[in-house]
$ cat input.pdb   # PDB, C-alpha atoms, pLDDT in the B column
ATOM      1  CA  MET A   1     -11.059  13.352  41.780  1.00 47.00           C
ATOM      2  CA  ALA A   2      -9.375  10.140  40.688  1.00 51.00           C
ATOM      3  CA  ASN A   3      -6.052   9.137  42.159  1.00 54.00           C
ATOM      4  CA  ALA A   4      -3.280   9.899  39.646  1.00 56.00           C
ATOM      5  CA  GLY A   5      -1.368   6.824  40.823  1.00 59.00           C
ATOM      6  CA  ASN A   6      -4.113   4.513  39.461  1.00 66.00           C
ATOM      7  CA  VAL A   7      -3.973   5.838  35.904  1.00 62.00           C
ATOM      8  CA  LYS A   8      -2.515   3.361  33.440  1.00 60.00           C
ATOM      9  CA  PRO A   9      -0.066   4.747  30.901  1.00 57.00           C
ATOM     10  CA  SER A  10      -1.472   5.021  27.383  1.00 59.00           C
ATOM     11  CA  VAL A  11      -0.084   2.910  24.563  1.00 60.00           C
ATOM     12  CA  ARG A  12       2.137   4.971  22.287  1.00 64.00           C
ATOM     13  CA  LEU A  13       3.454   4.187  18.855  1.00 66.00           C
ATOM     14  CA  LYS A  14       7.194   3.639  18.765  1.00 71.00           C
ATOM     15  CA  ASP A  15       7.776   5.111  15.297  1.00 80.00           C
ATOM     16  CA  LYS A  16       6.199   7.185  12.550  1.00 85.00           C
ATOM     17  CA  GLU A  17       6.287   4.281  10.115  1.00 87.00           C
ATOM     18  CA  THR A  18       3.738   2.393  12.214  1.00 86.00           C
ATOM     19  CA  LEU A  19       1.505   5.481  12.321  1.00 88.00           C
ATOM     20  CA  PHE A  20       1.654   5.850   8.533  1.00 91.00           C
ATOM     21  CA  MET A  21       0.892   2.160   8.085  1.00 91.00           C
ATOM     22  CA  LEU A  22      -2.119   2.429  10.411  1.00 90.00           C
ATOM     23  CA  LEU A  23      -3.325   5.404   8.356  1.00 92.00           C
ATOM     24  CA  ALA A  24      -3.018   3.333   5.151  1.00 92.00           C
ATOM     25  CA  LEU A  25      -4.970   0.489   6.782  1.00 91.00           C
ATOM     26  CA  HIS A  26      -7.584   3.017   7.923  1.00 91.00           C
ATOM     27  CA  MET A  27      -7.904   4.401   4.377  1.00 91.00           C
ATOM     28  CA  GLU A  28      -8.706   0.880   3.170  1.00 89.00           C
ATOM     29  CA  GLU A  29     -11.809   1.028   5.387  1.00 90.00           C
ATOM     30  CA  SER A  30     -12.882   4.444   4.039  1.00 88.00           C
ATOM     31  CA  PRO A  31     -16.391   4.663   2.534  1.00 87.00           C
ATOM     32  CA  LEU A  32     -14.714   5.951  -0.645  1.00 85.00           C
ATOM     33  CA  CYS A  33     -12.579   2.830  -1.009  1.00 83.00           C
ATOM     34  CA  GLU A  34     -13.770   0.288  -3.571  1.00 82.00           C
ATOM     35  CA  ASN A  35     -12.404  -2.826  -5.199  1.00 80.00           C
ATOM     36  CA  PRO A  36     -11.154  -1.799  -8.659  1.00 77.00           C
ATOM     37  CA  ILE A  37     -13.031  -3.509 -11.472  1.00 71.00           C
ATOM     38  CA  ARG A  38     -11.049  -5.524 -14.004  1.00 62.00           C
ATOM     39  CA  GLN A  39     -11.705  -4.140 -17.472  1.00 56.00           C
ATOM     40  CA  ASN A  40     -10.159  -7.060 -19.327  1.00 53.00           C
ATOM     41  CA  ARG A  41     -12.614  -9.817 -20.322  1.00 51.00           C
ATOM     42  CA  ALA A  42      -9.946 -12.535 -19.891  1.00 52.00           C
ATOM     43  CA  ASP A  43      -9.332 -11.355 -16.315  1.00 54.00           C
ATOM     44  CA  LYS A  44     -13.049 -11.577 -15.534  1.00 54.00           C
ATOM     45  CA  GLU A  45     -13.158 -15.122 -16.893  1.00 55.00           C
ATOM     46  CA  LYS A  46     -10.209 -16.149 -14.674  1.00 59.00           C
ATOM     47  CA  ASN A  47     -12.044 -14.918 -11.529  1.00 61.00           C
ATOM     48  CA  ILE A  48      -9.425 -12.233 -10.904  1.00 66.00           C
ATOM     49  CA  THR A  49     -10.300  -9.688  -8.250  1.00 71.00           C
ATOM     50  CA  ILE A  50      -8.381  -6.664  -7.037  1.00 78.00           C
ATOM     51  CA  ASN A  51      -8.496  -6.038  -3.286  1.00 83.00           C
ATOM     52  CA  LYS A  52      -9.124  -2.489  -2.139  1.00 87.00           C
ATOM     53  CA  THR A  53      -6.010  -0.741  -0.867  1.00 91.00           C
ATOM     54  CA  GLY A  54      -5.177   2.298   1.254  1.00 92.00           C
ATOM     55  CA  ILE A  55      -2.111   4.447   0.578  1.00 93.00           C
ATOM     56  CA  VAL A  56      -0.160   7.157   2.405  1.00 94.00           C
ATOM     57  CA  ILE A  57       2.694   9.020   0.706  1.00 94.00           C
ATOM     58  CA  CYS A  58       5.209  11.007   2.770  1.00 93.00           C
ATOM     59  CA  ASP A  59       8.275  13.157   2.258  1.00 89.00           C
ATOM     60  CA  SER A  60      11.411  11.124   2.833  1.00 79.00           C
ATOM     61  CA  ASP A  61      13.136  13.814   4.909  1.00 77.00           C
ATOM     62  CA  SER A  62      13.546  13.506   8.681  1.00 74.00           C
ATOM     63  CA  ILE A  63      10.143  15.100   9.395  1.00 78.00           C
ATOM     64  CA  GLN A  64       8.231  12.816   6.994  1.00 82.00           C
ATOM     65  CA  ARG A  65       5.188  15.000   6.390  1.00 88.00           C
ATOM     66  CA  VAL A  66       2.153  13.292   4.865  1.00 91.00           C
ATOM     67  CA  MET A  67       1.738  14.549   1.300  1.00 90.00           C
ATOM     68  CA  MET A  68      -1.358  12.570   0.367  1.00 91.00           C
ATOM     69  CA  MET A  69      -3.659   9.829   1.633  1.00 91.00           C
ATOM     70  CA  ASP A  70      -6.108   7.988  -0.572  1.00 90.00           C
ATOM     71  CA  CYS A  71      -7.585   4.609  -1.443  1.00 89.00           C
ATOM     72  CA  SER A  72      -8.482   2.531  -4.476  1.00 89.00           C
ATOM     73  CA  ARG A  73     -11.591   3.403  -6.436  1.00 87.00           C
ATOM     74  CA  GLU A  74     -13.682   1.498  -8.937  1.00 82.00           C
ATOM     75  CA  GLN A  75     -11.670   2.919 -11.849  1.00 83.00           C
ATOM     76  CA  LEU A  76      -8.109   3.017 -10.437  1.00 86.00           C
ATOM     77  CA  HIS A  77      -5.843   1.328  -7.932  1.00 88.00           C
ATOM     78  CA  ALA A  78      -4.645   3.452  -4.999  1.00 90.00           C
ATOM     79  CA  ALA A  79      -1.042   3.774  -6.238  1.00 91.00           C
ATOM     80  CA  GLN A  80      -2.172   4.702  -9.751  1.00 90.00           C
ATOM     81  CA  LEU A  81      -4.513   7.370  -8.374  1.00 90.00           C
ATOM     82  CA  VAL A  82      -1.840   8.943  -6.160  1.00 90.00           C
ATOM     83  CA  MET A  83       0.843   8.886  -8.847  1.00 90.00           C
ATOM     84  CA  MET A  84      -1.520  10.596 -11.302  1.00 89.00           C
ATOM     85  CA  ASN A  85      -2.232  13.362  -8.780  1.00 88.00           C
ATOM     86  CA  LEU A  86       1.322  13.884  -7.516  1.00 86.00           C
ATOM     87  CA  ALA A  87       3.241  13.221 -10.759  1.00 77.00           C
ATOM     88  CA  THR A  88       6.849  14.402 -10.264  1.00 84.00           C
ATOM     89  CA  ARG A  89       6.333  15.477  -6.629  1.00 87.00           C
ATOM     90  CA  ALA A  90       6.368  11.800  -5.595  1.00 88.00           C
ATOM     91  CA  ARG A  91      10.022  11.408  -6.605  1.00 90.00           C
ATOM     92  CA  GLY A  92      12.068  10.412  -3.543  1.00 91.00           C
ATOM     93  CA  CYS A  93       9.034   9.907  -1.284  1.00 93.00           C
ATOM     94  CA  ASN A  94       8.096   6.996   0.968  1.00 94.00           C
ATOM     95  CA  VAL A  95       4.876   5.129   0.155  1.00 95.00           C
ATOM     96  CA  TYR A  96       2.888   3.113   2.710  1.00 95.00           C
ATOM     97  CA  LEU A  97       0.371   0.603   1.317  1.00 95.00           C
ATOM     98  CA  SER A  98      -2.151  -1.527   3.177  1.00 93.00           C
ATOM     99  CA  ARG A  99      -1.271  -4.451   0.840  1.00 91.00           C
ATOM    100  CA  LYS A 100       1.546  -5.643  -1.389  1.00 91.00           C
ATOM    101  CA  PRO A 101       1.031  -3.853  -4.721  1.00 91.00           C
ATOM    102  CA  CYS A 102       0.147  -5.569  -7.991  1.00 88.00           C
ATOM    103  CA  THR A 103       2.489  -5.421 -10.998  1.00 88.00           C
ATOM    104  CA  ASP A 104       0.730  -2.382 -12.498  1.00 88.00           C
ATOM    105  CA  CYS A 105       1.044  -0.419  -9.253  1.00 90.00           C
ATOM    106  CA  ALA A 106       4.651  -1.523  -8.711  1.00 93.00           C
ATOM    107  CA  LYS A 107       5.554  -0.260 -12.203  1.00 93.00           C
ATOM    108  CA  CYS A 108       3.745   3.012 -11.550  1.00 92.00           C
ATOM    109  CA  LEU A 109       5.610   3.573  -8.252  1.00 94.00           C
ATOM    110  CA  VAL A 110       9.021   2.703  -9.728  1.00 95.00           C
ATOM    111  CA  GLN A 111       8.485   4.923 -12.771  1.00 93.00           C
ATOM    112  CA  GLY A 112       7.379   7.719 -10.424  1.00 92.00           C
ATOM    113  CA  GLY A 113      10.737   7.510  -8.672  1.00 92.00           C
ATOM    114  CA  VAL A 114       9.504   6.805  -5.141  1.00 94.00           C
ATOM    115  CA  ARG A 115      12.272   6.044  -2.657  1.00 94.00           C
ATOM    116  CA  SER A 116      10.595   3.189  -0.788  1.00 94.00           C
ATOM    117  CA  VAL A 117       7.391   1.169  -0.692  1.00 95.00           C
ATOM    118  CA  ILE A 118       6.374  -0.242   2.679  1.00 95.00           C
ATOM    119  CA  PHE A 119       3.370  -2.584   2.712  1.00 94.00           C
ATOM    120  CA  TRP A 120       1.346  -4.482   5.278  1.00 91.00           C
ATOM    121  CA  PRO A 121       2.048  -8.250   5.006  1.00 86.00           C
ATOM    122  CA  LYS A 122      -1.451  -9.553   4.301  1.00 79.00           C
ATOM    123  CA  ASP A 123      -3.362 -10.603   1.184  1.00 77.00           C
ATOM    124  CA  PRO A 124      -1.810  -8.830  -1.808  1.00 81.00           C
ATOM    125  CA  GLU A 125      -3.701  -6.305  -3.890  1.00 77.00           C
ATOM    126  CA  TYR A 126      -3.911  -8.752  -6.790  1.00 73.00           C
ATOM    127  CA  SER A 127      -5.955 -11.638  -5.415  1.00 65.00           C
ATOM    128  CA  LEU A 128      -6.796 -14.737  -7.397  1.00 57.00           C
ATOM    129  CA  GLU A 129      -8.648 -17.942  -6.892  1.00 56.00           C
ATOM    130  CA  ASN A 130      -5.968 -19.497  -9.106  1.00 55.00           C
ATOM    131  CA  LYS A 131      -2.951 -19.800  -6.794  1.00 63.00           C
ATOM    132  CA  ASP A 132      -0.389 -20.240  -9.604  1.00 62.00           C
ATOM    133  CA  THR A 133      -1.357 -16.946 -11.257  1.00 64.00           C
ATOM    134  CA  GLY A 134      -1.260 -15.138  -7.896  1.00 66.00           C
ATOM    135  CA  GLU A 135       2.238 -16.450  -7.196  1.00 75.00           C
ATOM    136  CA  LYS A 136       3.326 -15.371 -10.683  1.00 79.00           C
ATOM    137  CA  ASP A 137       2.123 -11.805 -10.043  1.00 80.00           C
ATOM    138  CA  SER A 138       3.898 -11.723  -6.671  1.00 83.00           C
ATOM    139  CA  TYR A 139       7.103 -12.933  -8.324  1.00 87.00           C
ATOM    140  CA  GLU A 140       6.812 -10.227 -11.019  1.00 90.00           C
ATOM    141  CA  VAL A 141       6.302  -7.539  -8.358  1.00 90.00           C
ATOM    142  CA  ASN A 142       9.428  -8.740  -6.546  1.00 90.00           C
ATOM    143  CA  GLN A 143      11.384  -8.625  -9.823  1.00 94.00           C
ATOM    144  CA  ILE A 144      10.215  -5.074 -10.582  1.00 94.00           C
ATOM    145  CA  PHE A 145      11.486  -3.836  -7.223  1.00 94.00           C
ATOM    146  CA  ARG A 146      14.644  -5.953  -7.379  1.00 94.00           C
ATOM    147  CA  ILE A 147      15.868  -4.354 -10.631  1.00 94.00           C
ATOM    148  CA  SER A 148      14.918  -0.803  -9.605  1.00 94.00           C
ATOM    149  CA  SER A 149      16.295   1.626  -7.050  1.00 93.00           C
ATOM    150  CA  THR A 150      12.967   1.580  -5.150  1.00 93.00           C
ATOM    151  CA  ILE A 151      13.139  -0.333  -1.869  1.00 92.00           C
ATOM    152  CA  ALA A 152      10.109  -2.523  -1.111  1.00 93.00           C
ATOM    153  CA  THR A 153       9.671  -4.085   2.329  1.00 92.00           C
ATOM    154  CA  PRO A 154       6.838  -5.478   4.425  1.00 92.00           C
ATOM    155  CA  HIS A 155       6.161  -3.514   7.608  1.00 90.00           C
ATOM    156  CA  VAL A 156       6.584  -5.318  10.905  1.00 83.00           C
ATOM    157  CA  PRO A 157       5.368  -3.149  13.794  1.00 75.00           C
ATOM    158  CA  ILE A 158       7.383  -2.782  17.007  1.00 70.00           C
ATOM    159  CA  ILE A 159       5.298  -4.088  19.912  1.00 67.00           C
ATOM    160  CA  ASP A 160       6.090  -3.728  23.595  1.00 65.00           C
ATOM    161  CA  SER A 161       5.721  -6.778  25.812  1.00 56.00           C
TER     162      SER A 161
END
$ encode --input "input.pdb" --output "structure tokens"
Amino acid sequence: MANAGNVKPSVRLKDKETLFMLLALHMEESPLCENPIRQNRADKEKNITINKTGIVICDSDSIQRVMMMDCSREQLHAAQLVMMNLATRARGCNVYLSRKPCTDCAKCLVQGGVRSVIFWPKDPEYSLENKDTGEKDSYEVNQIFRISSTIATPHVPIIDS
């Protein structure tokens, strides 16, 4: 039998928000997750790609139960898919995304009445080879959240030394 004094303590998450963000990042790696295809011919000509995204949506009460987890598919972005399935039940919820949403997803989340959108600070969902267009989309996303009651923030995990 091993000596209990030699056992190292396990690493524990400090908050639920980090757990939900890790779940969203995990959903991005799901076999179901695909990069959505741009339907617009002009977008295809501009080399626009949409990065695959994972999403977790939770109640905003103190318990924060997970209501739904999903990822982007070939036909729809993750936020669009979840908002179609939850409709009015998403009102007042917290949404965790593995990337900063694109303008279409930001509009969908705001119109759905979600309380907050927390995203992982890496490449945004709307990725472009043309840097100017990518910055324009990021600016538009910021404006959408700025004029709405939905709070959008990047997630910064708490890490012990």
$ residues_around --input "input.pdb" --residues "A:Val114" --least-positions-apart "6" --cutoff "10 Å" --atoms "all atoms listed in the file" --output "list of chain:residue names"
A:Ile57, A:Cys58, A:Asp59, A:Ser60, A:Met83, A:Thr88, A:Arg89, A:Ala90, A:Arg91, A:Gly92, A:Cys93, A:Asn94, A:Val95, A:Cys108, A:Ser149, A:Thr150, A:Ile151
$ write_last_selection --input "input.pdb" --atoms "C-alpha atoms" --output "mmCIF file, in the coordinates of the input"
data_model
loop_
_atom_site.group_PDB
_atom_site.id
_atom_site.type_symbol
_atom_site.label_atom_id
_atom_site.label_comp_id
_atom_site.auth_asym_id
_atom_site.auth_seq_id
_atom_site.Cartn_x
_atom_site.Cartn_y
_atom_site.Cartn_z
ATOM 1 C CA ILE A 57 2.694 9.020 0.706
ATOM 2 C CA CYS A 58 5.209 11.007 2.770
ATOM 3 C CA ASP A 59 8.275 13.157 2.258
ATOM 4 C CA SER A 60 11.411 11.124 2.833
ATOM 5 C CA MET A 83 0.843 8.886 -8.847
ATOM 6 C CA THR A 88 6.849 14.402 -10.264
ATOM 7 C CA ARG A 89 6.333 15.477 -6.629
ATOM 8 C CA ALA A 90 6.368 11.800 -5.595
ATOM 9 C CA ARG A 91 10.022 11.408 -6.605
ATOM 10 C CA GLY A 92 12.068 10.412 -3.543
ATOM 11 C CA CYS A 93 9.034 9.907 -1.284
ATOM 12 C CA ASN A 94 8.096 6.996 0.968
ATOM 13 C CA VAL A 95 4.876 5.129 0.155
ATOM 14 C CA CYS A 108 3.745 3.012 -11.550
ATOM 15 C CA SER A 149 16.295 1.626 -7.050
ATOM 16 C CA THR A 150 12.967 1.580 -5.150
ATOM 17 C CA ILE A 151 13.139 -0.333 -1.869
#
$ closest_residue --input "input.pdb" --among "A:Ser72, A:Ser30, A:Ser138, A:Asn85" --to "A:Leu97" --atoms "all atoms listed in the file"
A:Ser72
$ closest_residue --input "input.pdb" --among "A:Gly112, A:Ala79, A:Thr18, A:Glu74" --to "A:Ser148" --atoms "only C-alpha atoms"
A:Gly112
$ resolve_selection --input "input.pdb" --expression "the PyMOL selection byres ((chain A and resi 35) around 9)" --output "PyMOL selection string"
chain A and resi 33-34+36-37+49-53+72-77
$ residues_around --input "input.pdb" --residues "A:Ile147" --least-positions-apart "5" --cutoff "12 Å" --atoms "all atoms listed in the file" --output "PyMOL selection string"
chain A and resi 106-107+110+140-142+152
$ atom_distance --input "input.pdb" --atom1 "atom CA of A:Ile118" --atom2 "atom CA of A:His155"
5.9 Å
$ atom_distance --input "input.pdb" --atom1 "atom CA of A:Asp104" --atom2 "atom CA of A:Met69"
19.2 Å
$ resolve_selection --input "input.pdb" --expression "the PyMOL selection byres ((chain A and resi 24-28) around 6)" --output "list of chain:residue names"
A:Met21, A:Leu22, A:Leu23, A:Glu29, A:Ser30, A:Thr53, A:Gly54, A:Ile55, A:Val56, A:Cys71, A:Leu97, A:Ser98
$ atom_distance --input "input.pdb" --atom1 "atom CA of A:Glu135" --atom2 "atom CA of A:Gln111"
23.0 Å
